[in-house]
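Next comes input_39.cif, a file with mmCIF, C-alpha atoms.
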data_coords
loop_
_atom_site.label_atom_id
_atom_site.label_comp_id
_atom_site.auth_asym_id
_atom_site.auth_seq_id
_atom_site.Cartn_x
_atom_site.Cartn_y
_atom_site.Cartn_z
CA PRO P 6 -23.35 13.42 179.13
CA TYR P 7 -26.88 12.57 178.08
CA TRP P 8 -28.15 11.93 181.60
CA GLN P 9 -27.67 15.63 182.41
CA LYS P 10 -30.11 16.45 179.61
CA GLY P 11 -32.80 14.22 181.05
CA LYS P 12 -32.71 11.85 178.11
CA HIS P 13 -32.88 8.07 178.21
CA GLU P 14 -29.81 7.17 176.21
CA LYS P 15 -27.74 4.10 175.90
CA CYS P 16 -23.95 4.58 175.99
CA LYS P 17 -21.59 1.82 175.09
CA PHE P 18 -18.06 1.83 176.40
CA PHE P 19 -15.57 -0.63 175.04
CA ILE P 20 -12.34 -1.08 176.99
CA ASN P 21 -9.66 -3.22 175.40
CA ASN P 22 -6.64 -4.09 177.52
CA ASP P 23 -3.86 -6.67 177.24
CA HIS P 24 -5.19 -8.32 180.38
CA PHE P 25 -8.93 -8.17 180.00
CA VAL P 26 -11.75 -6.94 177.78
CA CYS P 27 -14.95 -5.59 179.30
CA PHE P 28 -18.14 -4.17 177.85
CA PHE P 29 -20.00 -1.62 179.94
CA ILE P 30 -23.54 -0.60 179.07
CA ILE P 31 -24.76 2.40 181.02
CA PHE P 32 -28.41 3.43 181.15
CA ALA P 33 -28.79 6.88 182.63
CA GLU P 34 -31.55 9.19 183.80
CA GLU P 35 -31.39 12.74 185.10
CA THR P 36 -30.92 11.88 188.79
CA THR P 37 -30.09 8.18 188.80
CA MET P 38 -27.41 6.09 187.17
CA LYS P 39 -28.22 2.45 186.73
CA LEU P 40 -25.38 0.22 185.66
CA MET P 41 -25.78 -3.04 183.83
CA ILE P 42 -22.45 -4.72 183.34
CA MET P 43 -21.86 -7.37 180.74
CA SER P 44 -18.34 -8.67 180.73
CA ARG P 45 -16.33 -11.39 179.17
CA ILE P 46 -12.70 -12.30 179.58
CA PHE P 47 -11.03 -12.76 176.19
CA LYS P 48 -7.46 -13.17 177.25
CA CYS P 49 -5.29 -12.83 180.32
CA ILE P 50 -1.59 -12.43 179.58
CA ALA P 51 -0.22 -11.33 182.94
CA ALA P 52 -2.30 -13.63 185.14
CA ARG P 53 -3.72 -17.13 184.91
CA PHE P 54 -6.87 -16.10 186.69
CA ALA P 55 -9.58 -13.69 185.61
CA ILE P 56 -10.29 -10.47 187.49
CA ILE P 57 -12.64 -7.78 186.24
CA TYR P 58 -12.56 -4.34 187.78
CA LEU P 59 -15.31 -1.84 187.08
CA LEU P 60 -13.81 1.64 187.14
CA ILE P 61 -15.96 4.75 186.83
CA LEU P 62 -13.70 7.65 185.90
CA CYS P 63 -16.34 10.19 184.93
CA SER P 64 -17.19 13.03 187.28
CA VAL P 65 -20.75 12.61 188.51
CA PRO P 66 -22.73 15.12 190.65
CA ASN P 67 -24.07 13.79 193.97
CA SER P 68 -27.67 13.96 192.73
CA ALA P 69 -26.90 11.42 190.05
CA TRP P 70 -25.89 8.77 192.54
CA GLY P 71 -29.21 8.26 194.26
CA GLN P 72 -28.12 7.28 197.79
CA GLY P 73 -24.64 8.74 197.13
CA GLU P 74 -22.45 7.33 199.91
CA LYS P 75 -22.91 3.65 199.09
CA GLN P 76 -22.09 4.11 195.41
CA LYS P 77 -19.10 6.34 196.12
CA ARG P 78 -17.73 3.80 198.57
CA GLU P 79 -18.05 1.10 195.93
CA VAL P 80 -16.08 3.27 193.50
CA PHE P 81 -13.45 3.85 196.23
CA GLN P 82 -13.08 0.09 196.77
CA LEU P 83 -12.76 -0.53 193.04
CA LEU P 84 -10.18 2.23 192.64
CA ASP P 85 -8.19 0.82 195.56
CA SER P 86 -8.30 -2.68 194.04
CA LEU P 87 -7.36 -1.36 190.61
CA ALA P 88 -4.41 0.57 192.10
CA GLU P 89 -3.09 -2.60 193.74
CA TYR P 90 -3.61 -4.57 190.53
CA ASN P 91 -1.65 -2.02 188.48
CA TYR P 92 1.10 -1.93 191.10
CA LYS P 93 1.53 -5.70 190.86
CA GLN P 94 1.72 -5.38 187.07
CA GLY P 95 4.49 -2.77 187.36
CA ASN P 96 2.26 0.16 186.31
CA ASP P 97 3.33 2.43 189.17
CA SER P 98 2.14 5.73 187.66
CA ILE P 99 -1.35 4.33 187.04
CA ALA P 100 -1.43 2.84 190.55
CA ILE P 101 -0.52 6.25 192.00
CA ALA P 102 -3.27 7.97 189.99
CA ASN P 103 -5.86 5.39 191.12
CA ALA P 104 -4.81 5.73 194.76
CA ASN P 105 -5.05 9.52 194.64
CA LYS P 106 -8.61 9.26 193.27
CA ALA P 107 -9.50 6.79 196.02
CA LEU P 108 -8.07 9.19 198.65
CA ALA P 109 -10.17 12.04 197.29
CA ILE P 110 -13.37 10.00 197.59
CA ILE P 111 -12.65 8.90 201.19
CA ASP P 112 -11.75 12.47 202.14
CA ILE P 113 -15.15 13.65 200.85
CA LEU P 114 -17.03 10.85 202.61
CA TYR P 115 -15.29 10.60 205.99
CA GLY P 116 -12.39 13.05 206.14
CA LYS P 117 -8.75 12.11 206.74
CA ASP P 118 -8.68 10.68 210.27
CA ASN P 119 -9.97 7.17 209.56
CA GLN P 120 -8.73 3.68 208.75
CA ASP P 121 -9.66 3.73 205.05
CA TYR P 122 -7.76 6.96 204.44
CA ALA P 123 -4.68 5.62 206.24
CA HIS P 124 -5.00 2.33 204.32
CA VAL P 125 -4.80 4.08 200.94
CA LEU P 126 -2.02 6.40 202.15
CA GLY P 127 0.04 3.33 203.06
CA HIS P 128 -0.50 1.85 199.61
CA LEU P 129 0.22 5.17 197.90
CA ALA P 130 3.55 5.38 199.75
CA LYS P 131 4.41 1.87 198.52
CA TYR P 132 3.60 2.82 194.92
CA LYS P 133 5.65 6.03 195.12
CA PHE P 134 8.57 4.12 196.59
CA GLU P 135 8.54 1.66 193.67
CA ALA P 136 8.35 4.63 191.27
CA GLY P 137 11.50 6.09 192.86
CA GLU P 138 9.68 9.03 194.48
CA TYR P 139 11.36 8.43 197.83
CA GLU P 140 10.85 11.81 199.50
CA GLU P 141 7.15 11.90 198.66
CA ALA P 142 6.78 8.26 199.69
CA LYS P 143 8.30 9.01 203.08
CA GLU P 144 6.01 11.99 203.63
CA VAL P 145 2.93 9.95 202.71
CA VAL P 146 3.81 6.88 204.80
CA LEU P 147 4.59 8.99 207.87
CA GLU P 148 1.12 10.54 207.54
CA ALA P 149 -0.38 7.04 207.36
CA ILE P 150 1.57 5.84 210.41
CA GLU P 151 0.53 8.92 212.39
CA ILE P 152 -3.13 7.92 211.92
CA GLN P 153 -2.56 4.19 212.43
CA LYS P 154 -0.38 4.24 215.53
CA GLU P 155 -3.08 5.91 217.63
CA LYS P 156 -6.13 3.85 216.70
CA TYR P 157 -5.17 1.07 214.31
CA PHE P 158 -1.83 -0.19 215.68
CA SER P 159 -2.91 -3.86 215.59
CA THR P 160 -3.75 -3.97 211.89
CA LYS P 161 -2.16 -5.39 208.77
CA ASP P 162 -2.12 -1.89 207.25
CA TYR P 163 0.02 -0.57 210.11
CA ALA P 164 2.51 -3.41 209.68
CA GLU P 165 2.70 -2.75 205.91
CA SER P 166 3.22 1.00 206.46
CA LEU P 167 6.09 0.25 208.85
CA SER P 168 7.62 -2.09 206.27
CA THR P 169 7.44 0.60 203.56
CA LEU P 170 9.04 3.14 205.91
CA SER P 171 11.89 0.70 206.62
CA ASP P 172 12.51 0.32 202.87
CA ILE P 173 12.72 4.11 202.51
CA LEU P 174 15.10 4.41 205.46
CA ALA P 175 17.33 1.73 203.92
CA ILE P 176 17.46 3.71 200.67
CA GLU P 177 18.45 6.78 202.71
CA GLY P 178 21.24 4.75 204.32
CA ASP P 179 19.78 4.78 207.83
CA PHE P 180 20.11 1.01 208.19
CA SER P 181 19.89 0.72 211.96
CA LYS P 182 16.58 2.62 211.99
CA ALA P 183 15.35 0.61 209.00
CA ILE P 184 16.04 -2.66 210.84
CA GLU P 185 14.31 -1.34 213.97
CA ILE P 186 11.16 -0.30 212.07
CA CYS P 187 11.00 -3.50 209.98
CA SER P 188 11.44 -5.62 213.14
CA LYS P 189 8.49 -3.77 214.64
CA SER P 190 6.46 -4.57 211.51
CA LEU P 191 7.34 -8.27 211.95
CA ASN P 192 6.27 -8.17 215.62
CA VAL P 193 2.91 -6.56 214.74
CA THR P 194 2.33 -9.16 212.01
CA THR P 195 3.19 -12.03 214.39
CA ASP P 196 0.78 -10.69 217.02
CA ILE P 197 -2.02 -10.53 214.45
CA TYR P 198 -1.56 -13.83 212.60
CA GLY P 199 0.58 -16.13 214.76
CA PRO P 200 4.16 -17.38 214.27
CA ASN P 201 3.94 -19.96 211.46
CA THR P 202 1.66 -18.14 209.03
CA ILE P 203 2.32 -16.98 205.49
CA GLU P 204 1.93 -13.35 206.58
CA VAL P 205 4.78 -13.78 209.07
CA ALA P 206 6.89 -15.50 206.39
CA ILE P 207 6.40 -12.48 204.12
CA ALA P 208 7.33 -10.12 206.98
CA LYS P 209 10.48 -12.15 207.65
CA GLY P 210 11.33 -11.86 203.97
CA ASN P 211 10.95 -8.07 204.14
CA LEU P 212 13.24 -7.93 207.17
CA ALA P 213 15.76 -10.19 205.41
CA ASP P 214 15.82 -7.72 202.51
CA VAL P 215 16.59 -4.83 204.90
CA TYR P 216 19.38 -6.85 206.53
CA TYR P 217 20.72 -7.59 203.05
CA ASP P 218 20.72 -3.88 202.17
CA SER P 219 22.54 -3.28 205.47
CA SER P 220 25.20 -5.90 204.46
CA TYR P 221 24.26 -8.23 207.34
CA PHE P 222 24.26 -11.22 205.00
CA SER P 223 24.30 -14.01 207.59
CA LYS P 224 21.26 -12.59 209.39
CA ALA P 225 19.50 -12.05 206.07
CA LEU P 226 20.14 -15.68 205.09
CA GLN P 227 18.80 -16.92 208.44
CA LEU P 228 15.55 -14.95 208.00
CA CYS P 229 15.13 -16.13 204.41
CA ASN P 230 15.55 -19.75 205.49
CA GLU P 231 12.98 -19.27 208.28
CA ALA P 232 10.52 -17.66 205.86
CA ILE P 233 10.89 -20.38 203.23
CA SER P 234 10.49 -23.07 205.93
CA ILE P 235 7.11 -21.55 206.83
CA PHE P 236 6.00 -21.70 203.18
CA VAL P 237 7.09 -25.35 203.02
CA LEU P 238 5.30 -26.08 206.32
CA ASN P 239 2.10 -24.66 204.80
CA GLY P 240 2.56 -26.62 201.58
CA ILE P 241 2.94 -23.51 199.41
CA SER P 242 5.55 -23.15 196.67
CA ASN P 243 3.84 -21.89 193.51
CA ASP P 244 3.31 -18.43 195.02
CA SER P 245 4.64 -14.96 194.18
CA ASP P 246 5.65 -14.16 197.78
CA TYR P 247 7.52 -17.46 198.02
CA ALA P 248 9.29 -16.61 194.76
CA THR P 249 10.16 -13.13 196.03
CA ILE P 250 11.84 -14.51 199.15
CA LEU P 251 13.73 -17.04 197.02
CA SER P 252 15.04 -14.14 194.93
CA ILE P 253 16.19 -12.30 198.09
CA ARG P 254 17.93 -15.46 199.32
CA SER P 255 19.59 -15.77 195.93
CA LYS P 256 21.10 -12.27 196.29
CA VAL P 257 22.26 -13.04 199.82
CA LYS P 258 23.91 -16.32 198.81
CA ALA P 259 25.64 -14.62 195.88
CA ASP P 260 27.18 -12.04 198.22
CA LEU P 261 28.28 -14.85 200.52
CA GLY P 262 30.01 -16.51 197.56
CA LEU P 263 27.53 -19.42 197.39
CA TYR P 264 27.07 -19.00 193.64
CA ILE P 265 25.73 -22.45 192.73
CA ASP P 266 23.04 -22.28 195.43
CA ALA P 267 22.28 -18.66 194.52
CA LEU P 268 21.77 -19.61 190.88
CA ALA P 269 19.41 -22.46 191.85
CA ASP P 270 17.27 -20.14 194.00
CA ALA P 271 17.13 -17.46 191.29
CA LYS P 272 16.09 -19.95 188.61
CA GLU P 273 13.42 -21.51 190.82
CA SER P 274 12.07 -18.02 191.61
CA LEU P 275 11.99 -17.15 187.90
CA ASP P 276 10.16 -20.41 187.08
CA VAL P 277 7.45 -19.57 189.63
CA PHE P 278 6.92 -16.04 188.28
CA VAL P 279 6.82 -17.27 184.67
CA ASN P 280 4.34 -19.99 185.64
CA LEU P 281 2.12 -17.46 187.43
CA TYR P 282 2.36 -14.39 185.19
CA GLY P 283 4.11 -15.29 181.95
CA GLU P 284 7.46 -14.40 180.37
CA GLN P 285 6.84 -10.65 180.21
CA TYR P 286 6.11 -10.06 183.91
CA ILE P 287 8.15 -7.08 185.13
CA SER P 288 9.58 -8.82 188.21
CA ASN P 289 11.21 -11.30 185.83
CA ALA P 290 13.60 -8.59 184.66
CA ALA P 291 15.37 -8.24 188.02
CA LEU P 292 15.63 -12.03 188.32
CA LEU P 293 17.00 -12.37 184.81
CA SER P 294 19.56 -9.69 185.64
CA ASN P 295 20.48 -11.49 188.87
CA ILE P 296 20.88 -14.83 187.07
CA SER P 297 23.01 -13.03 184.48
CA VAL P 298 25.36 -11.58 187.13
CA ILE P 299 25.68 -14.89 189.01
CA ASN P 300 26.62 -16.66 185.78
CA SER P 301 29.33 -14.05 185.24
CA TYR P 302 30.71 -14.81 188.72
CA LEU P 303 30.89 -18.46 187.68
CA GLY P 304 32.66 -17.51 184.45
CA ASN P 305 29.70 -18.53 182.28
CA TYR P 306 29.80 -15.36 180.14
CA SER P 307 27.72 -16.70 177.27
CA GLU P 308 24.91 -17.59 179.71
CA ALA P 309 25.40 -14.26 181.49
CA TYR P 310 24.99 -12.46 178.15
CA ARG P 311 21.89 -14.49 177.21
CA TYR P 312 20.06 -13.73 180.48
CA GLY P 313 21.29 -10.13 180.46
CA GLU P 314 19.80 -9.55 177.01
CA ARG P 315 16.43 -10.85 178.19
CA ALA P 316 16.57 -8.57 181.25
CA LEU P 317 17.55 -5.60 179.07
CA HIS P 318 14.56 -6.19 176.79
CA LEU P 319 12.12 -6.27 179.72
CA PHE P 320 13.61 -3.17 181.37
CA LYS P 321 13.41 -1.27 178.07
CA GLN P 322 9.84 -2.42 177.50
CA THR P 323 8.75 -1.33 180.98
CA TYR P 324 10.88 1.71 181.83
CA GLY P 325 12.50 2.84 178.59
CA GLU P 326 16.20 3.31 177.87
CA ARG P 327 16.73 6.26 180.23
CA HIS P 328 16.11 4.27 183.41
CA PRO P 329 18.92 3.23 185.83
CA TYR P 330 17.91 -0.45 185.63
CA TYR P 331 18.34 -0.41 181.85
CA VAL P 332 21.69 1.38 182.02
CA THR P 333 23.09 -0.88 184.77
CA THR P 334 22.14 -3.99 182.78
CA LEU P 335 23.70 -2.48 179.65
CA GLN P 336 26.93 -1.88 181.60
CA ASN P 337 26.88 -5.47 182.84
CA ILE P 338 26.48 -6.81 179.30
CA SER P 339 29.43 -4.70 178.16
CA ASP P 340 31.46 -6.37 180.94
CA TYR P 341 30.50 -9.82 179.63
CA LYS P 342 31.61 -8.81 176.14
CA TYR P 343 34.92 -7.60 177.59
CA GLU P 344 35.50 -10.86 179.46
CA ASN P 345 34.73 -12.76 176.26
CA GLY P 346 37.37 -10.72 174.40
CA GLU P 347 34.82 -8.87 172.25
CA LEU P 348 36.29 -5.40 172.89
CA VAL P 349 34.65 -3.55 169.99
CA GLU P 350 31.12 -4.64 170.98
CA CYS P 351 32.02 -4.04 174.63
CA ILE P 352 32.98 -0.39 173.98
CA GLN P 353 29.89 0.21 171.82
CA LEU P 354 27.61 -0.89 174.66
CA ALA P 355 29.59 1.02 177.31
CA GLU P 356 29.47 4.20 175.19
CA LYS P 357 25.72 3.84 174.77
CA ALA P 358 25.30 3.56 178.55
CA ASN P 359 27.61 6.54 179.08
CA ASN P 360 25.64 8.68 176.59
CA ILE P 361 22.38 7.93 178.40
CA CYS P 362 23.95 8.98 181.71
CA ASN P 363 25.21 12.22 180.14
CA ASN P 364 21.80 13.11 178.71
CA VAL P 365 19.57 12.32 181.70
CA GLU P 366 19.35 14.95 184.41
CA ASP P 367 20.04 13.79 187.99
CA PHE P 368 21.06 10.30 186.90
CA PRO P 369 22.32 8.23 189.90
CA MET P 370 25.95 9.25 190.37
CA TYR P 371 27.30 5.83 191.33
CA ILE P 372 26.07 4.34 188.03
CA PHE P 373 27.40 7.33 186.08
CA VAL P 374 30.89 7.23 187.69
CA SER P 375 31.33 3.44 187.62
CA GLY P 376 30.35 3.44 183.93
CA LYS P 377 32.95 6.08 183.09
CA ILE P 378 35.69 4.18 184.95
CA LYS P 379 34.84 0.97 183.10
CA LEU P 380 34.79 2.77 179.75
CA ALA P 381 38.21 4.30 180.47
CA ASN P 382 39.60 0.85 181.26
CA TYR P 383 38.21 -0.53 178.00
CA TYR P 384 39.92 2.26 176.04
CA VAL P 385 43.21 1.40 177.78
CA GLU P 386 42.80 -2.22 176.64
CA ILE P 387 42.21 -1.09 173.05
#
Show me, as structure tokens, the structure contained in the file I just sent.
Amino acid sequence: PYWQKGKHEKCKFFINNDHFVCFFIIFAEETTMKLMIMSRIFKCIAARFAIIYLLILCSVPNSAWGQGEKQKREVFQLLDSLAEYNYKQGNDSIAIANANKALAIIDILYGKDNQDYAHVLGHLAKYKFEAGEYEEAKEVVLEAIEIQKEKYFSTKDYAESLSTLSDILAIEGDFSKAIEICSKSLNVTTDIYGPNTIEVAIAKGNLADVYYDSSYFSKALQLCNEAISIFVLNGISNDSDYATILSIRSKVKADLGLYIDALADAKESLDVFVNLYGEQYISNAALLSNISVINSYLGNYSEAYRYGERALHLFKQTYGERHPYYVTTLQNISDYKYENGELVECIQLAEKANNICNNVEDFPMYIFVSGKIKLANYYVEI
């Protein structure tokens, strides 16, 4: 870098992204970095609003920062924001990398026993959970909770960490503990914000999801209805959290056999996400898959196939063909072909799913086994 050589040089950095385009012009001296930022939003595919994040990824000696702490803290805040942004866009690996950088900065500035460090740990655990790194996520969130429960037990971060831990426990099959922890998260959130607030509605939605995973469908439906009532009370409907709870309620209703109502909730949820983030938003894939399955329950196999194909495309685009979501959707589509009497196409799709399972190490066993059983049944039909 020119600033290390004591030269006054102008460096132009052009960053082109699907979501935003920024121009950074950096003027540097030997011991001071002065930043002049000129930015312009050209397009915003994933969001209808414009957000610019300045991210400094170069390694800069302390002497180059002037005051040092203030600038490093600004970089920490930007990294934390960028991590959350990437997480919401489905870029879990980038979110994890950003969070780890933010942790390193806070560790240098203040050490590990502070609210900022615990805050990022909680977020990092959430990102790792979404990336399927459950063991690491649990280790990280327990570290965050250990810091928060002593000094910061009445904070939003503590409630979020508890919610993440409950999700991990549900994945591990410890449903009673998951419900206990998520209920505690709801209580903390209610104490902070009050009973009829959006934050409490979101917490109720999280608890409903845990009850759903635990197969307590009636309780899950009750919590979903309470959460949605709070959104309605606050006059909010075109909102991602509202749409998320609608999607949970859709799953619950489907398992209760309320297919028409489940389909209506899933479609409304999808409409909200498309309106907010566009057709290619990653959360749309799960909703499309859900709508596909519900249509199959209703015997609408052509509609099930149409929505399943859209879900398959999004899963492939985001995760690739070797991901469980992709394979499960592929298996579902083969089922629709079978029910429609298209046995040749059905077997082709089922064999493709089976080959992926065979060639991916540590592929989830329940998907692998169920796929083989279905394929065997198709061969019997032939």
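In this comparison, which uses only C-alpha atoms, the residue of P:Asp367, P:Asp97, P:Asp172, P:Asp276 approaching P:Ser245 most closely is P:Asp276.
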To verify the selection step, state as a list of chain:residue names which residues the PyMOL selection byres ((chain P and resi 112) around 12) yields on this input. P:Lys77, P:Arg78, P:Phe81, P:Asn105, P:Lys106, P:Ala107, P:Leu108, P:Ala109, P:Ile110, P:Ile111, P:Ile113, P:Leu114, P:Tyr115, P:Gly116, P:Lys117, P:Asp118, P:Asn119, P:Gln120, P:Asp121, P:Tyr122, P:Ala123, P:Val125, P:Leu126
Selection from above, C-alpha atoms, as a compact mmCIF listing (two decimals), in the coordinates of the input, can you write it?
# COMPACT_ATOMS: atom_id res chain seq x y z
CA LYS P 77 -19.10 6.34 196.12
CA ARG P 78 -17.73 3.80 198.57
CA PHE P 81 -13.45 3.85 196.23
CA ASN P 105 -5.05 9.52 194.64
CA LYS P 106 -8.61 9.26 193.27
CA ALA P 107 -9.50 6.79 196.02
CA LEU P 108 -8.07 9.19 198.65
CA ALA P 109 -10.17 12.04 197.29
CA ILE P 110 -13.37 10.00 197.59
CA ILE P 111 -12.65 8.90 201.19
CA ILE P 113 -15.15 13.65 200.85
CA LEU P 114 -17.03 10.85 202.61
CA TYR P 115 -15.29 10.60 205.99
CA GLY P 116 -12.39 13.05 206.14
CA LYS P 117 -8.75 12.11 206.74
CA ASP P 118 -8.68 10.68 210.27
CA ASN P 119 -9.97 7.17 209.56
CA GLN P 120 -8.73 3.68 208.75
CA ASP P 121 -9.66 3.73 205.05
CA TYR P 122 -7.76 6.96 204.44
CA ALA P 123 -4.68 5.62 206.24
CA VAL P 125 -4.80 4.08 200.94
CA LEU P 126 -2.02 6.40 202.15
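One finds atom CA of P:Asp244 at 9.6 Å from atom CA of P:Asn280.
In this comparison, which uses only C-alpha atoms, the residue of P:Ser297, P:Ser98, P:Ser166, P:Ser288 approaching P:Ala136 most closely is P:Ser98.
In this structure, atom CA of P:Ala271 sits 21.7 Å away from atom CA of P:Gln322.
For the atom pair formed by atom CA of P:Lys342 and atom CA of P:Asn295, the distance is 17.1 Å, given to one decimal.
Applied to the shown file, the PyMOL selection byres ((chain P and resi 357) around 12) selects the residues P:Glu326, P:Arg327, P:Tyr331, P:Val332, P:Thr333, P:Thr334, P:Leu335, P:Gln336, P:Ile338, P:Ser339, P:Glu350, P:Cys351, P:Ile352, P:Gln353, P:Leu354, P:Ala355, P:Glu356, P:Ala358, P:Asn359, P:Asn360, P:Ile361, P:Cys362, P:Asn363, P:Asn364, P:Phe373, P:Gly376, P:Lys377, P:Leu380.
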Which is closer to P:Leu275 than all the others in P:Ile387, P:Ile176, P:Ala290, P:Ala164, using all atoms listed in the file? P:Ala290
Report the residues retrieved by the PyMOL selection byres ((chain P and resi 301) around 12) from the displayed file, expressed as JSON, numbers by chain. {"P": [259, 264, 265, 268, 294, 295, 296, 297, 298, 299, 300, 302, 303, 304, 305, 306, 307, 308, 309, 310, 311, 312, 313, 337, 338, 339, 340, 341, 342, 343, 344, 345]}
Residue contacts of P:Leu147 (12 Å, only C-alpha atoms) excluding same-chain residues fewer than 4 positions away, as an mmCIF file with C-alpha atoms, keeping the file's coordinate frame:
data_model
loop_
_atom_site.group_PDB
_atom_site.id
_atom_site.type_symbol
_atom_site.label_atom_id
_atom_site.label_comp_id
_atom_site.auth_asym_id
_atom_site.auth_seq_id
_atom_site.Cartn_x
_atom_site.Cartn_y
_atom_site.Cartn_z
ATOM 1 C CA ALA P 123 -4.680 5.620 206.240
ATOM 2 C CA LEU P 126 -2.020 6.400 202.150
ATOM 3 C CA GLY P 127 0.040 3.330 203.060
ATOM 4 C CA LEU P 129 0.220 5.170 197.900
ATOM 5 C CA ALA P 130 3.550 5.380 199.750
ATOM 6 C CA LYS P 131 4.410 1.870 198.520
ATOM 7 C CA GLU P 140 10.850 11.810 199.500
ATOM 8 C CA GLU P 141 7.150 11.900 198.660
ATOM 9 C CA ALA P 142 6.780 8.260 199.690
ATOM 10 C CA LYS P 143 8.300 9.010 203.080
ATOM 11 C CA GLU P 151 0.530 8.920 212.390
ATOM 12 C CA ILE P 152 -3.130 7.920 211.920
ATOM 13 C CA GLN P 153 -2.560 4.190 212.430
ATOM 14 C CA LYS P 154 -0.380 4.240 215.530
ATOM 15 C CA TYR P 163 0.020 -0.570 210.110
ATOM 16 C CA SER P 166 3.220 1.000 206.460
ATOM 17 C CA LEU P 167 6.090 0.250 208.850
ATOM 18 C CA SER P 168 7.620 -2.090 206.270
ATOM 19 C CA THR P 169 7.440 0.600 203.560
ATOM 20 C CA LEU P 170 9.040 3.140 205.910
ATOM 21 C CA SER P 171 11.890 0.700 206.620
ATOM 22 C CA ILE P 173 12.720 4.110 202.510
ATOM 23 C CA LEU P 174 15.100 4.410 205.460
#
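All residues of protein, DNA or RNA that reach within 6 Å of P:Ala100, judged by all atoms listed in the file and not counting those fewer than 5 positions away in the chain, are P:Ala88, P:Asn91, P:Tyr92.
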So that I can see what lies close to P:Leu319, please list as a list in words the residues with an atom at most 8 Å from it, counting all atoms listed in the file and leaving out residues fewer than 6 positions away in the same chain. Gln285, Ile287, Asn289 and Ala290 of chain P
Please produce a file of those selected residues containing C-alpha atoms, as a tab-separated table (two decimals), in the coordinates of the input.
chain	number	residue	atom	x	y	z
P	285	GLN	CA	6.84	-10.65	180.21
P	287	ILE	CA	8.15	-7.08	185.13
P	289	ASN	CA	11.21	-11.30	185.83
P	290	ALA	CA	13.60	-8.59	184.66
Which residues are close to P:Phe180, i.e. within 10 Å by all atoms listed in the file, leaving aside same-chain residues fewer than 2 positions away? Reply as number ranges by chain. P: 171-178, 182-186, 215-216, 218-220
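With only C-alpha atoms as the atoms that count, the minimum distance from P:Ile241 to the choices P:Leu293, P:Leu261, P:Ile203, P:Ala269 is reached by P:Ile203.
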